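Shown next: work.cif, given as mmCIF, C-alpha atoms.
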```cif
data_work
loop_
_atom_site.label_atom_id
_atom_site.label_comp_id
_atom_site.auth_asym_id
_atom_site.auth_seq_id
_atom_site.Cartn_x
_atom_site.Cartn_y
_atom_site.Cartn_z
CA MET K 211 -1.94 -43.69 -11.79
CA ALA K 212 1.16 -44.47 -9.74
CA GLU K 213 4.40 -42.74 -8.99
CA PRO K 214 7.52 -44.14 -10.64
CA ALA K 215 8.40 -47.40 -8.99
CA ALA K 216 12.14 -46.91 -8.94
CA LEU K 217 13.82 -43.83 -7.46
CA PRO K 218 16.22 -41.97 -9.74
CA THR K 219 19.86 -42.80 -9.03
CA LEU K 220 21.82 -40.57 -6.69
CA ARG K 221 24.13 -39.67 -9.56
CA LYS K 222 21.21 -38.51 -11.67
CA ILE K 223 19.77 -36.44 -8.83
CA LEU K 224 23.08 -34.73 -8.05
CA LEU K 225 23.74 -34.08 -11.73
CA ALA K 226 20.29 -32.53 -12.16
CA THR K 227 20.70 -30.33 -9.08
CA ALA K 228 24.17 -29.18 -10.05
CA GLY K 229 22.96 -28.64 -13.62
CA ALA K 230 20.07 -26.53 -12.35
CA LEU K 231 22.45 -24.40 -10.30
CA VAL K 232 24.81 -23.93 -13.23
CA ALA K 233 21.97 -23.09 -15.63
CA ALA K 234 20.55 -20.54 -13.18
CA ALA K 235 23.99 -19.01 -12.61
CA ALA K 236 24.62 -18.82 -16.37
CA LEU K 237 21.30 -17.01 -16.92
CA LEU K 238 21.90 -14.71 -13.96
CA PHE K 239 25.49 -13.70 -14.79
CA GLY K 240 25.17 -13.96 -18.55
CA ALA K 241 21.87 -12.22 -19.18
CA ILE K 242 20.05 -10.85 -16.15
CA LEU K 243 22.95 -8.95 -14.53
CA PRO K 244 23.87 -7.10 -17.75
CA ALA K 245 20.30 -6.44 -18.84
CA GLU K 246 18.73 -5.47 -15.51
CA TYR K 247 21.66 -4.12 -13.48
CA GLY K 248 24.17 -2.99 -16.10
CA ILE K 249 26.80 -5.35 -14.61
CA ASP K 250 28.66 -7.46 -17.13
CA PRO K 251 30.93 -10.00 -15.39
CA LEU K 252 31.21 -12.37 -18.38
CA GLY K 253 31.23 -9.84 -21.20
CA THR K 254 28.04 -11.35 -22.62
CA GLY K 255 26.12 -8.12 -22.07
CA ARG K 256 28.34 -6.25 -24.50
CA LEU K 257 28.40 -9.21 -26.88
CA LEU K 258 24.62 -9.57 -27.05
CA GLY K 259 23.85 -5.87 -26.73
CA LEU K 260 22.03 -6.38 -23.43
CA LEU K 261 23.84 -3.62 -21.57
CA ALA K 262 21.73 -0.92 -23.19
CA LEU K 263 18.66 -2.33 -21.43
CA GLY K 264 20.21 -1.85 -18.02
CA GLN K 265 21.06 1.80 -18.45
CA SER K 266 18.48 4.08 -16.96
CA GLN K 267 17.91 7.46 -18.49
CA PRO K 268 17.76 10.10 -15.74
CA LEU K 269 18.26 12.97 -18.18
CA ALA K 270 15.57 13.86 -20.70
CA THR K 271 15.73 16.63 -23.25
CA GLU K 272 12.72 18.52 -24.56
CA GLU K 273 12.05 20.08 -27.92
CA GLY K 274 10.07 23.14 -26.89
CA GLU K 275 11.26 26.58 -25.84
CA TYR K 276 12.22 27.00 -22.20
CA ARG K 277 10.28 29.72 -20.42
CA THR K 278 10.09 31.21 -16.97
CA ASP K 279 7.18 33.35 -15.83
CA ARG K 280 6.41 35.14 -12.64
CA ALA K 281 2.99 36.58 -11.93
CA GLU K 282 1.65 38.56 -9.01
CA LEU K 283 -2.10 38.39 -8.75
CA THR K 284 -4.26 40.47 -6.45
CA LEU K 285 -7.51 38.97 -5.24
CA TYR K 286 -10.21 40.80 -3.28
CA PRO K 287 -12.52 38.70 -1.06
CA ALA K 288 -14.68 36.30 -3.13
CA GLU K 289 -12.75 37.19 -6.29
CA TRP K 290 -11.30 34.41 -8.41
CA VAL K 291 -8.63 34.15 -11.04
CA GLU K 292 -7.41 31.52 -13.45
CA TYR K 293 -3.90 31.15 -14.74
CA PHE K 294 -3.27 28.64 -17.44
CA TYR K 295 -0.73 27.38 -19.94
CA ARG K 296 -0.54 25.55 -23.23
CA LEU K 297 1.46 22.35 -22.87
CA GLU K 298 2.14 19.55 -25.30
CA GLN K 299 1.60 16.01 -24.06
CA GLY K 300 4.55 14.93 -21.93
CA SER K 301 5.94 18.44 -21.49
CA ASN K 302 7.04 19.41 -18.01
CA MET K 303 6.56 22.44 -15.84
CA VAL K 304 7.97 23.27 -12.41
CA PHE K 305 5.86 25.57 -10.27
CA THR K 306 5.66 27.32 -6.95
CA TRP K 307 2.91 29.59 -5.69
CA GLU K 308 2.14 31.24 -2.43
CA ALA K 309 -0.81 33.33 -1.26
CA THR K 310 -0.88 35.78 1.63
CA GLY K 311 -4.26 34.38 2.75
CA PRO K 312 -6.50 31.33 2.41
CA VAL K 313 -7.61 30.34 -1.08
CA THR K 314 -9.66 27.59 -2.64
CA TYR K 315 -7.64 26.18 -5.45
CA ASN K 316 -8.04 23.71 -8.27
CA PHE K 317 -5.60 22.48 -10.88
CA HIS K 318 -7.30 21.26 -14.00
CA ALA K 319 -6.75 20.74 -17.72
CA SER K 320 -8.75 20.50 -20.92
CA PRO K 321 -7.47 18.45 -23.83
CA ASP K 322 -7.56 19.89 -27.32
CA GLY K 323 -10.75 18.95 -29.10
CA ALA K 324 -12.64 18.13 -25.91
CA PRO K 325 -16.30 19.20 -25.72
CA ALA K 326 -16.76 22.77 -24.56
CA GLY K 327 -16.66 22.98 -20.80
CA TYR K 328 -14.92 19.65 -20.26
CA ALA K 329 -12.01 19.64 -17.83
CA GLU K 330 -10.14 17.10 -15.77
CA SER K 331 -9.32 18.13 -12.24
CA PHE K 332 -6.08 16.82 -10.74
CA ASP K 333 -6.14 18.47 -7.36
CA ALA K 334 -8.60 20.63 -5.49
CA GLN K 335 -8.44 21.81 -1.90
CA ASP K 336 -8.07 24.78 0.38
CA ARG K 337 -4.48 25.78 0.92
CA ALA K 338 -2.17 28.78 0.87
CA ASN K 339 0.73 27.51 -1.24
CA GLY K 340 1.83 24.76 -3.59
CA HIS K 341 5.12 23.62 -5.09
CA GLY K 342 5.86 20.80 -7.48
CA THR K 343 6.10 19.57 -11.01
CA TYR K 344 3.49 18.92 -13.64
CA THR K 345 3.77 16.62 -16.63
CA ALA K 346 0.97 17.21 -19.12
CA PRO K 347 -1.00 13.98 -19.66
CA PHE K 348 -2.34 15.37 -22.94
CA THR K 349 -1.94 18.35 -25.25
CA GLY K 350 -4.18 21.21 -24.26
CA ILE K 351 -4.57 23.95 -21.68
CA HIS K 352 -3.58 23.35 -18.10
CA GLY K 353 -3.75 25.60 -15.10
CA TRP K 354 -4.98 26.88 -11.79
CA TYR K 355 -8.11 28.39 -10.42
CA TRP K 356 -7.83 30.36 -7.22
CA GLU K 357 -10.56 31.97 -5.22
CA ASN K 358 -10.07 34.23 -2.23
CA VAL K 359 -12.17 32.65 0.51
CA GLY K 360 -10.95 35.01 3.22
CA THR K 361 -12.13 38.48 4.18
CA GLU K 362 -8.94 40.38 3.32
CA LYS K 363 -7.36 41.35 0.03
CA ILE K 364 -4.57 38.91 -0.77
CA THR K 365 -1.60 38.70 -3.11
CA LEU K 366 -0.75 35.48 -4.85
CA THR K 367 2.70 34.97 -6.32
CA LEU K 368 3.15 32.31 -8.99
CA THR K 369 6.42 31.29 -10.58
CA THR K 370 6.62 28.65 -13.30
CA SER K 371 9.39 27.30 -15.49
CA GLY K 372 9.11 24.78 -18.24
CA PHE K 373 8.22 23.98 -21.78
CA TYR K 374 4.83 25.58 -22.21
CA THR K 375 4.04 27.80 -25.16
CA SER K 376 1.83 30.41 -23.55
CA ALA K 377 0.76 31.71 -20.17
CA HIS K 378 -2.52 33.54 -19.64
CA GLU K 379 -4.46 35.12 -16.87
CA GLY K 380 -8.25 34.90 -16.99
CA ARG K 381 -10.82 36.60 -14.82
CA ALA K 382 -13.99 36.53 -16.90
CA ARG K 383 -16.14 33.61 -17.91
CA ALA K 384 -16.68 33.02 -21.59
CA SER K 385 -20.17 33.83 -22.77
CA GLY K 386 -22.56 30.91 -22.56
CA TYR K 387 -20.81 29.68 -19.42
CA LYS K 388 -22.38 26.75 -17.70
CA PRO K 389 -21.16 24.89 -14.63
CA LEU K 390 -18.53 22.26 -15.40
CA THR K 391 -17.90 18.87 -13.90
CA ASP K 392 -14.85 16.70 -14.11
CA ILE K 393 -14.85 12.93 -14.65
CA ARG K 394 -15.73 12.41 -11.00
CA GLY K 395 -18.68 14.74 -11.19
CA ASN K 396 -17.07 17.48 -9.12
CA ALA K 397 -17.67 21.08 -10.10
CA VAL K 398 -14.74 22.52 -12.02
CA PRO K 399 -14.15 26.18 -12.82
CA SER K 400 -14.04 26.84 -16.52
CA VAL K 401 -11.13 28.08 -18.54
CA PRO K 402 -12.40 31.14 -20.42
CA MET D 224 -16.21 -30.39 -16.38
CA ALA D 225 -14.19 -32.26 -13.79
CA LEU D 226 -11.76 -29.37 -13.67
CA VAL D 227 -14.51 -26.89 -13.04
CA GLY D 228 -15.59 -29.11 -10.16
CA VAL D 229 -12.07 -29.11 -8.77
CA ALA D 230 -11.93 -25.35 -9.04
CA LEU D 231 -15.22 -24.88 -7.26
CA ALA D 232 -14.24 -27.30 -4.54
CA LEU D 233 -10.98 -25.46 -4.05
CA SER D 234 -12.55 -22.05 -4.06
CA THR D 235 -14.97 -22.90 -1.29
CA GLN D 236 -12.42 -24.46 0.99
CA PHE D 237 -9.42 -22.17 0.88
CA SER D 238 -9.07 -19.40 3.38
CA THR D 239 -6.84 -16.42 2.99
CA GLN D 240 -3.68 -16.65 1.01
CA VAL D 241 -0.62 -14.66 0.16
CA LEU D 242 2.53 -14.44 -1.87
CA LEU D 243 4.95 -11.88 -2.86
CA ALA D 244 8.60 -12.08 -3.49
CA HIS D 245 8.39 -9.36 -6.05
CA PRO D 246 8.15 -5.67 -5.37
CA MET D 247 5.25 -3.39 -5.94
CA GLU D 248 5.92 -1.11 -8.81
CA GLY D 249 5.18 2.30 -10.23
CA THR D 250 1.70 3.64 -9.83
CA ASN D 251 0.58 0.79 -7.52
CA ALA D 252 3.31 1.59 -5.02
CA GLY D 253 2.50 5.28 -5.30
CA PHE D 254 -1.12 4.52 -4.60
CA VAL D 255 -0.39 2.41 -1.53
CA GLN D 256 1.81 5.18 -0.16
CA SER D 257 -0.88 7.79 -0.60
CA VAL D 258 -3.65 5.72 1.01
CA ASP D 259 -5.00 7.18 4.21
CA GLY D 260 -8.02 5.20 5.43
CA PRO D 261 -9.73 1.99 4.40
CA ALA D 262 -9.58 1.20 0.67
CA PRO D 263 -10.87 -2.38 0.37
CA GLY D 264 -11.31 -2.41 -3.40
CA PRO D 265 -7.79 -1.40 -4.39
CA PHE D 266 -6.18 -3.63 -1.75
CA LEU D 267 -8.31 -6.58 -2.83
CA TYR D 268 -7.12 -6.03 -6.38
CA LEU D 269 -3.49 -5.60 -5.35
CA GLY D 270 -3.60 -8.85 -3.35
CA ALA D 271 -5.02 -10.78 -6.27
CA LYS D 272 -2.59 -9.18 -8.69
CA HIS D 273 0.40 -10.07 -6.53
CA MET D 274 -0.74 -13.65 -6.42
CA VAL D 275 -1.39 -14.08 -10.12
CA THR D 276 1.78 -12.26 -11.24
CA GLY D 277 4.05 -13.68 -8.53
CA TYR D 278 6.03 -16.34 -10.35
CA ASP D 279 7.99 -17.19 -7.19
CA HIS D 280 4.78 -18.16 -5.51
CA LEU D 281 3.36 -19.84 -8.60
CA LEU D 282 6.47 -22.00 -9.05
CA PHE D 283 6.27 -23.11 -5.44
CA LEU D 284 2.62 -24.06 -5.90
CA VAL D 285 3.46 -26.06 -9.03
CA GLY D 286 6.08 -27.92 -7.01
CA VAL D 287 3.70 -28.56 -4.12
CA ILE D 288 0.86 -30.02 -6.15
CA PHE D 289 3.02 -31.71 -8.79
CA PHE D 290 2.59 -35.18 -7.32
CA LEU D 291 -0.67 -34.57 -5.50
CA TYR D 292 -3.11 -36.72 -7.40
CA ARG D 293 -6.06 -36.47 -5.07
CA LEU D 294 -8.13 -33.34 -4.61
CA LYS D 295 -8.18 -34.00 -0.87
CA ASP D 296 -4.40 -33.70 -0.76
CA VAL D 297 -4.32 -30.56 -2.91
CA VAL D 298 -6.78 -28.91 -0.56
CA LEU D 299 -4.88 -30.07 2.52
CA TYR D 300 -1.47 -28.84 1.35
CA VAL D 301 -2.69 -25.56 -0.04
CA SER D 302 -4.63 -24.95 3.16
CA LEU D 303 -1.46 -25.51 5.18
CA PHE D 304 0.37 -23.07 2.95
CA THR D 305 -2.50 -20.60 3.32
CA LEU D 306 -2.44 -20.97 7.09
CA GLY D 307 1.28 -20.19 7.20
CA HIS D 308 0.95 -17.20 4.88
CA SER D 309 -1.97 -15.59 6.59
CA LEU D 310 -0.47 -15.99 10.04
CA THR D 311 2.76 -14.16 9.28
CA LEU D 312 1.13 -11.57 7.03
CA LEU D 313 -1.44 -10.52 9.61
CA LEU D 314 0.80 -10.81 12.67
CA GLY D 315 3.75 -9.30 10.82
CA VAL D 316 1.91 -6.16 9.81
CA LEU D 317 -0.09 -5.78 13.00
CA ALA D 318 2.92 -6.29 15.27
CA ASP D 319 5.10 -4.15 13.00
CA VAL D 320 7.57 -6.98 12.48
CA SER D 321 9.68 -6.63 9.40
CA VAL D 322 12.74 -8.43 8.18
CA ASN D 323 15.07 -7.77 5.29
CA ALA D 324 12.95 -8.34 2.19
CA TYR D 325 15.87 -9.64 0.11
CA VAL D 326 16.74 -12.27 2.71
CA ILE D 327 13.12 -13.43 2.88
CA ASP D 328 12.83 -13.48 -0.90
CA THR D 329 16.03 -15.52 -1.16
CA ILE D 330 14.50 -18.08 1.21
CA ILE D 331 11.32 -18.07 -0.89
CA GLY D 332 13.40 -18.76 -4.02
CA LEU D 333 15.19 -21.59 -2.21
CA SER D 334 11.81 -23.00 -1.16
CA VAL D 335 11.15 -23.60 -4.86
CA VAL D 336 14.50 -25.39 -5.15
CA TYR D 337 13.65 -27.43 -2.07
CA LYS D 338 10.33 -28.52 -3.53
CA GLY D 339 11.89 -29.49 -6.87
CA PHE D 340 14.64 -31.43 -5.11
CA GLU D 341 12.07 -33.21 -2.97
CA ASN D 342 10.02 -34.07 -6.06
CA ILE D 343 12.99 -35.85 -7.69
CA ASN D 344 13.38 -37.84 -4.46
CA GLY D 345 16.61 -36.07 -3.60
CA PHE D 346 16.20 -36.33 0.15
CA GLU D 347 15.41 -40.03 0.04
CA ARG D 348 18.43 -40.82 -2.07
CA LEU D 349 20.90 -38.47 -0.48
CA PHE D 350 20.00 -38.65 3.20
CA ASN D 351 17.79 -41.72 3.20
CA VAL D 352 14.98 -39.74 4.84
CA LYS D 353 11.54 -38.81 3.59
CA PRO D 354 10.94 -35.29 4.91
CA ASN D 355 7.59 -34.37 6.39
CA THR D 356 6.15 -32.50 3.45
CA ARG D 357 3.24 -31.06 5.41
CA ILE D 358 5.43 -29.32 7.95
CA ALA D 359 7.68 -28.08 5.14
CA VAL D 360 4.76 -26.53 3.31
CA LEU D 361 3.52 -24.86 6.49
CA VAL D 362 6.97 -23.46 7.32
CA PHE D 363 7.53 -22.12 3.82
CA GLY D 364 4.06 -20.62 4.01
CA LEU D 365 5.21 -18.69 7.08
CA PHE D 366 8.18 -17.31 5.11
CA HIS D 367 6.06 -16.34 2.10
CA GLY D 368 3.71 -14.44 4.42
CA LEU D 369 6.58 -12.70 6.19
CA GLY D 370 7.89 -11.53 2.83
CA LEU D 371 4.52 -10.06 2.02
CA ALA D 372 4.20 -8.35 5.40
CA THR D 373 7.61 -6.77 4.95
CA LYS D 374 6.74 -5.46 1.49
CA LEU D 375 3.43 -4.01 2.56
CA GLN D 376 5.02 -2.20 5.50
CA GLU D 377 7.60 -0.58 3.26
CA PHE D 378 4.80 1.12 1.43
CA MET D 379 2.03 1.66 3.93
CA VAL D 380 2.57 5.06 5.42
CA SER D 381 -0.75 5.60 7.17
CA LYS D 382 -1.98 3.43 10.03
CA ASN D 383 -5.47 4.70 9.31
CA GLY D 384 -7.60 1.78 8.08
CA LEU D 385 -4.65 -0.59 8.42
CA VAL D 386 -6.59 -3.66 9.55
CA ALA D 387 -9.27 -3.25 6.90
CA ASN D 388 -6.64 -2.83 4.21
CA ILE D 389 -4.56 -5.82 5.32
CA LEU D 390 -7.66 -8.02 5.46
CA SER D 391 -8.74 -6.82 2.02
CA PHE D 392 -5.28 -7.56 0.69
CA ASN D 393 -5.39 -11.00 2.26
CA VAL D 394 -8.77 -11.79 0.72
CA GLY D 395 -7.46 -10.53 -2.63
CA VAL D 396 -4.51 -12.89 -2.32
CA GLU D 397 -6.91 -15.75 -1.70
CA ILE D 398 -8.87 -14.90 -4.82
CA GLY D 399 -5.64 -14.62 -6.78
CA GLN D 400 -4.47 -17.97 -5.49
CA ILE D 401 -7.69 -19.67 -6.58
CA LEU D 402 -7.32 -18.13 -10.04
CA ALA D 403 -3.72 -19.26 -10.25
CA LEU D 404 -4.53 -22.75 -8.98
CA LEU D 405 -7.25 -23.09 -11.60
CA GLY D 406 -4.60 -22.86 -14.28
CA VAL D 407 -1.99 -24.99 -12.53
CA VAL D 408 -4.40 -27.77 -11.57
CA ALA D 409 -5.94 -27.77 -15.05
CA LEU D 410 -2.58 -28.10 -16.78
CA LEU D 411 -1.22 -30.73 -14.39
CA SER D 412 -4.42 -32.78 -14.51
CA TYR D 413 -4.32 -32.83 -18.27
CA TRP D 414 -0.61 -33.62 -18.38
CA ARG D 415 -1.05 -36.54 -15.97
CA THR D 416 -3.31 -38.27 -18.48
CA ARG D 417 -0.40 -38.37 -20.94
CA PRO D 418 2.47 -40.85 -20.85
CA SER D 419 4.92 -37.95 -21.09
CA PHE D 420 4.09 -36.91 -17.52
CA LEU D 421 6.14 -39.63 -15.89
CA SER D 422 8.88 -39.47 -18.52
CA TYR D 423 9.37 -35.74 -18.08
CA SER D 424 8.44 -35.18 -14.45
CA PHE D 425 12.10 -35.43 -13.51
CA ALA D 426 13.02 -32.83 -16.13
CA ALA D 427 10.13 -30.60 -15.09
CA ASN D 428 11.25 -30.59 -11.47
CA THR D 429 14.82 -29.92 -12.53
CA ALA D 430 13.50 -26.90 -14.44
CA LEU D 431 11.70 -25.89 -11.25
CA MET D 432 15.04 -25.93 -9.45
CA VAL D 433 16.57 -23.72 -12.15
CA GLY D 434 13.75 -21.23 -11.57
CA GLY D 435 14.22 -21.37 -7.80
CA PHE D 436 17.98 -20.88 -8.01
CA LEU D 437 17.42 -17.97 -10.38
CA LEU D 438 14.92 -16.27 -8.06
CA ALA D 439 17.25 -16.73 -5.10
CA GLY D 440 20.25 -15.50 -7.13
CA ILE D 441 18.46 -12.31 -8.17
CA GLN D 442 17.55 -11.61 -4.54
CA ILE D 443 21.14 -12.19 -3.42
CA VAL D 444 22.32 -9.71 -6.06
CA ASP D 445 19.72 -7.19 -4.86
CA PHE D 446 20.81 -7.77 -1.28
CA VAL D 447 24.46 -7.14 -2.13
CA LEU D 448 23.69 -4.05 -4.23
CA PHE D 449 20.91 -2.36 -2.31
CA SER D 450 21.01 -3.50 1.29
#
```

Structure rendered as C-alpha cells:
Amino acid sequence: MAEPAALPTLRKILLATAGALVAAAALLFGAILPAEYGIDPLGTGRLLGLLALGQSQPLATEEGEYRTDRAELTLYPAEWVEYFYRLEQGSNMVFTWEATGPVTYNFHASPDGAPAGYAESFDAQDRANGHGTYTAPFTGIHGWYWENVGTEKITLTLTTSGFYTSAHEGRARASGYKPLTDIRGNAVPSVP
Amino acid sequence: MALVGVALALSTQFSTQVLLAHPMEGTNAGFVQSVDGPAPGPFLYLGAKHMVTGYDHLLFLVGVIFFLYRLKDVVLYVSLFTLGHSLTLLLGVLADVSVNAYVIDTIIGLSVVYKGFENINGFERLFNVKPNTRIAVLVFGLFHGLGLATKLQEFMVSKNGLVANILSFNVGVEIGQILALLGVVALLSYWRTRPSFLSYSFAANTALMVGGFLLAGIQIVDFVLFS
C-alpha cells in the first residue's frame, strides 16, 4: 500500500484548513457557547433552544416542611446517645454540634426496608464538634451516635435545620440487639 | 488475529503514557482532593480513564498513526510521545512546576490541527519543507504531559504519597493508552484495506483539523472567562 503519489494542490490545502477553522468557529459560537456557557453571540442559542442547557440552577426548592431543632444532651462518662431523623431521599439538612469534652462519634443511616440492624456509616472518628450539610442518599433514618470517652460529664449541643420529618433521641437498644456492621465491616451502633 | 498481535506487541513495548486536556470532574476531583497517602488503585484507574475519555489526546493519536503503516513506526512514534509525556508529568509534579492549564490545553488542541495539516501535506506545499515528524511528536508529548501535571497539581492537596500516586497515575495512563490504541489501530488497519481510505484520507484529516480548532477554541474561551 502506498501513499498518494501526487500531493494535493496548495489551493485545496488552504481551502480545507480555512474550512476547518470556519466549521470549528461555527460550532463553537453557534452551539457550544450558548449551550455550555450561556453566551449567545449569534442568536442561535435562543433560536435552537440551547440557552436553557447553559443555565445552572444554584437555587433548589424542596417540598417538605422546614424545621429547626436544638437539643442539649448530657452524657456521663461511657454513656452514649443517638439522635436521628427521618429524611426523604435527596432532602437536605444543615447541622452543627459541639461537645464540652471528647466524644466518639459516628454518622450513619438505615434505608427503609433494609434488614434489621443494617446501617451505612458515613463518618466515624473522635472529635469534639462537627458542622456541615447532609443530603440523604436514600429515604430512611439518618443520624448520630455519640459516646462520652472522657472521664467528665459533658454537654453536647446539636442544632439542625432542614427538611426532615422527625427528630428523635435514643438511649436504649432495641430488644434483640446484636452488633451491627456497615458495608465495610466496621462496627456500627444501632438505631433503636 | 493480526490485530490482536499488534495490540500485544504494543502493550509490551510502551512505557508510561499520559494525556489530559480535559478537567477532572465531580466525585473524582473530590476524591483526589481528599487523598492523603498512597492510593495506587484509584490513581491507576483515574490515569486510564483520562486516557480513554480524553478526546484531545485520542485525536492527536489518530493523526500520528494515520499514515503509519508499519508496526515498527507506530511503536516508535508512540514511544516518543510517551517519553515526552512521562518526562513533563513526572518532573512537572515533582518540581512543582505548573503553567496555565488553558494555555497548555490550547496548545494541545493546536497540536491536533498541526498533525492534520501535516497529514494533508500542508507543510510541503506551503513552505516546501517536510518537518521532522519525530521531533514534533516528542515536543507535543512534552506539552501533553505538562497539561496533565498542571491538572493533577490543582487537585492534589496532600504531598503524602505523592510519588506513589503520580507513578500509579502514569501507569494507568499507559494502560489507558494501550486500550485506546487497540481501537484506533484496529479501525485504521481495517480502513486501509478499503479503497475509500485514500479517497477520504484528505477529508478525514480535515475533520481532524476541525476537532483541533474546536478544542483550542473552547480552551481560549475558558481562558478568557476564567483566567

Exercise for the section: Mind giving me the straight-line distance from CA of Tyr300 (chain D) to CA of Gly264 (chain D) in Å, one decimal? Expected result: 28.6 Å

Neighbours of region 227-238 of chain K within 9 Å (all atoms listed in the file; same-chain residues fewer than 3 positions away dropped), as a PDB file with C-alpha atoms, in the frame of the given file?
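Listed below is the output, result_31.pdb:
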```pdb
ATOM      1  CA  LYS K 222      21.210 -38.510 -11.670  1.00  0.00           C
ATOM      2  CA  ILE K 223      19.770 -36.440  -8.830  1.00  0.00           C
ATOM      3  CA  LEU K 224      23.080 -34.730  -8.050  1.00  0.00           C
ATOM      4  CA  ALA K 241      21.870 -12.220 -19.180  1.00  0.00           C
ATOM      5  CA  ILE K 242      20.050 -10.850 -16.150  1.00  0.00           C
ATOM      6  CA  LEU K 243      22.950  -8.950 -14.530  1.00  0.00           C
ATOM      7  CA  PRO K 244      23.870  -7.100 -17.750  1.00  0.00           C
TER       8      PRO K 244
ATOM      9  CA  VAL D 336      14.500 -25.390  -5.150  1.00  0.00           C
ATOM     10  CA  PHE D 340      14.640 -31.430  -5.110  1.00  0.00           C
ATOM     11  CA  GLY D 345      16.610 -36.070  -3.600  1.00  0.00           C
ATOM     12  CA  THR D 429      14.820 -29.920 -12.530  1.00  0.00           C
ATOM     13  CA  ALA D 430      13.500 -26.900 -14.440  1.00  0.00           C
ATOM     14  CA  LEU D 431      11.700 -25.890 -11.250  1.00  0.00           C
ATOM     15  CA  MET D 432      15.040 -25.930  -9.450  1.00  0.00           C
ATOM     16  CA  VAL D 433      16.570 -23.720 -12.150  1.00  0.00           C
ATOM     17  CA  GLY D 434      13.750 -21.230 -11.570  1.00  0.00           C
ATOM     18  CA  GLY D 435      14.220 -21.370  -7.800  1.00  0.00           C
ATOM     19  CA  PHE D 436      17.980 -20.880  -8.010  1.00  0.00           C
ATOM     20  CA  LEU D 437      17.420 -17.970 -10.380  1.00  0.00           C
ATOM     21  CA  LEU D 438      14.920 -16.270  -8.060  1.00  0.00           C
ATOM     22  CA  GLY D 440      20.250 -15.500  -7.130  1.00  0.00           C
ATOM     23  CA  ILE D 441      18.460 -12.310  -8.170  1.00  0.00           C
TER      24      ILE D 441
END
```

Handout entry: Val394 (chain D) surroundings by only C-alpha atoms, 10 Å radius, close-in-sequence under 2 positions cut, as a PyMOL selection string
Key = chain D and resi 238-241+263+266-268+270-271+309+388-392+396-400

Exercise for the section: Between K:Gly311, K:Pro347, K:Gly340, K:Gly300, single out the one closest to Thr284 (chain K), counting all atoms listed in the file. Expected result: K:Gly311

Problem - Distance of CA of Leu421 (chain D) from CA of Arg221 (chain K), expressed in Å to one decimal place - result: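 Separation of CA of Arg221 (chain K) and CA of Leu421 (chain D): 19.1 Å.
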
Contacts of Phe305 (chain K) at 6 Å (all atoms listed in the file; same-chain gap of 6+ positions) as a short mmCIF file (atom, residue, chain, number, x, y, z; two decimals) with C-alpha atoms, in the frame of the given file:
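Printed below is selection_30.cif as written:
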```cif
data_model
loop_
_atom_site.label_atom_id
_atom_site.label_comp_id
_atom_site.auth_asym_id
_atom_site.auth_seq_id
_atom_site.Cartn_x
_atom_site.Cartn_y
_atom_site.Cartn_z
CA HIS K 341 5.12 23.62 -5.09
CA GLY K 342 5.86 20.80 -7.48
CA THR K 369 6.42 31.29 -10.58
CA THR K 370 6.62 28.65 -13.30
#
```

Problem - Hits of the PyMOL selection byres ((chain K and resi 355) around 6) in this structure, as number ranges by chain - result: K: 291-292, 315-316, 354, 356

Create the file for the chosen residues now, containing C-alpha atoms and written as a PDB file, in the coordinates of the input.
```pdb
ATOM      1  CA  VAL K 291      -8.630  34.150 -11.040  1.00  0.00           C
ATOM      2  CA  GLU K 292      -7.410  31.520 -13.450  1.00  0.00           C
ATOM      3  CA  TYR K 315      -7.640  26.180  -5.450  1.00  0.00           C
ATOM      4  CA  ASN K 316      -8.040  23.710  -8.270  1.00  0.00           C
ATOM      5  CA  TRP K 354      -4.980  26.880 -11.790  1.00  0.00           C
ATOM      6  CA  TRP K 356      -7.830  30.360  -7.220  1.00  0.00           C
TER       7      TRP K 356
END
```

Handout entry: Explicit residue set for the PyMOL selection byres ((chain D and resi 326) around 10), as a PyMOL selection string
Key = chain D and resi 322-325+327-332+370+439+442-443+445-446+450

Run the PyMOL selection byres ((chain D and resi 362) around 12) on the file and write out the hits as a compact mmCIF listing (two decimals) with C-alpha atoms, keeping the file's coordinate frame.
```
# COMPACT_ATOMS: atom_id res chain seq x y z
CA TYR D 300 -1.47 -28.84 1.35
CA LEU D 303 -1.46 -25.51 5.18
CA PHE D 304 0.37 -23.07 2.95
CA THR D 305 -2.50 -20.60 3.32
CA LEU D 306 -2.44 -20.97 7.09
CA GLY D 307 1.28 -20.19 7.20
CA HIS D 308 0.95 -17.20 4.88
CA SER D 309 -1.97 -15.59 6.59
CA LEU D 310 -0.47 -15.99 10.04
CA THR D 311 2.76 -14.16 9.28
CA ILE D 330 14.50 -18.08 1.21
CA ILE D 331 11.32 -18.07 -0.89
CA SER D 334 11.81 -23.00 -1.16
CA ASN D 355 7.59 -34.37 6.39
CA THR D 356 6.15 -32.50 3.45
CA ARG D 357 3.24 -31.06 5.41
CA ILE D 358 5.43 -29.32 7.95
CA ALA D 359 7.68 -28.08 5.14
CA VAL D 360 4.76 -26.53 3.31
CA LEU D 361 3.52 -24.86 6.49
CA PHE D 363 7.53 -22.12 3.82
CA GLY D 364 4.06 -20.62 4.01
CA LEU D 365 5.21 -18.69 7.08
CA PHE D 366 8.18 -17.31 5.11
CA HIS D 367 6.06 -16.34 2.10
CA GLY D 368 3.71 -14.44 4.42
CA LEU D 369 6.58 -12.70 6.19
```

Problem - Computed interatomic separation between CA of Glu362 (chain K) and CA of His378 (chain K) (Å) - result: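 Pair CA of Glu362 (chain K) / CA of His378 (chain K) returns 24.8 Å.
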
Fill in the blank from the handout: Using all atoms listed in the file, the residue out of D:Val320, D:Val285, D:Ile343, D:Ala372 with shortest distance to chain K is D:Ile343

Handout entry: Which residue of D:Phe290, D:Phe449, D:Trp414, D:Phe283 approaches chain K most closely, using only C-alpha atoms
Key =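 Counting only C-alpha atoms, the residue closest to chain K is D:Phe290.
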
Could you put an axis-aligned box around every listed atom of region 215-230 of chain K, padded by 4 Å on each side, and send me its centre and edge lengths in Å to one decimal, as AutoDock Vina command-line options?
```
--center_x 16.3 --center_y -37.0 --center_z -10.2 --size_x 23.8 --size_y 28.9 --size_z 14.9
```

Practice task
For Ser320 (chain K), work out the shell of residues within 7 Å, counting only C-alpha atoms and skipping chain neighbours fewer than 5 positions away, then give it as a PyMOL selection string.
Solution key: chain K and resi 328-330+350-352
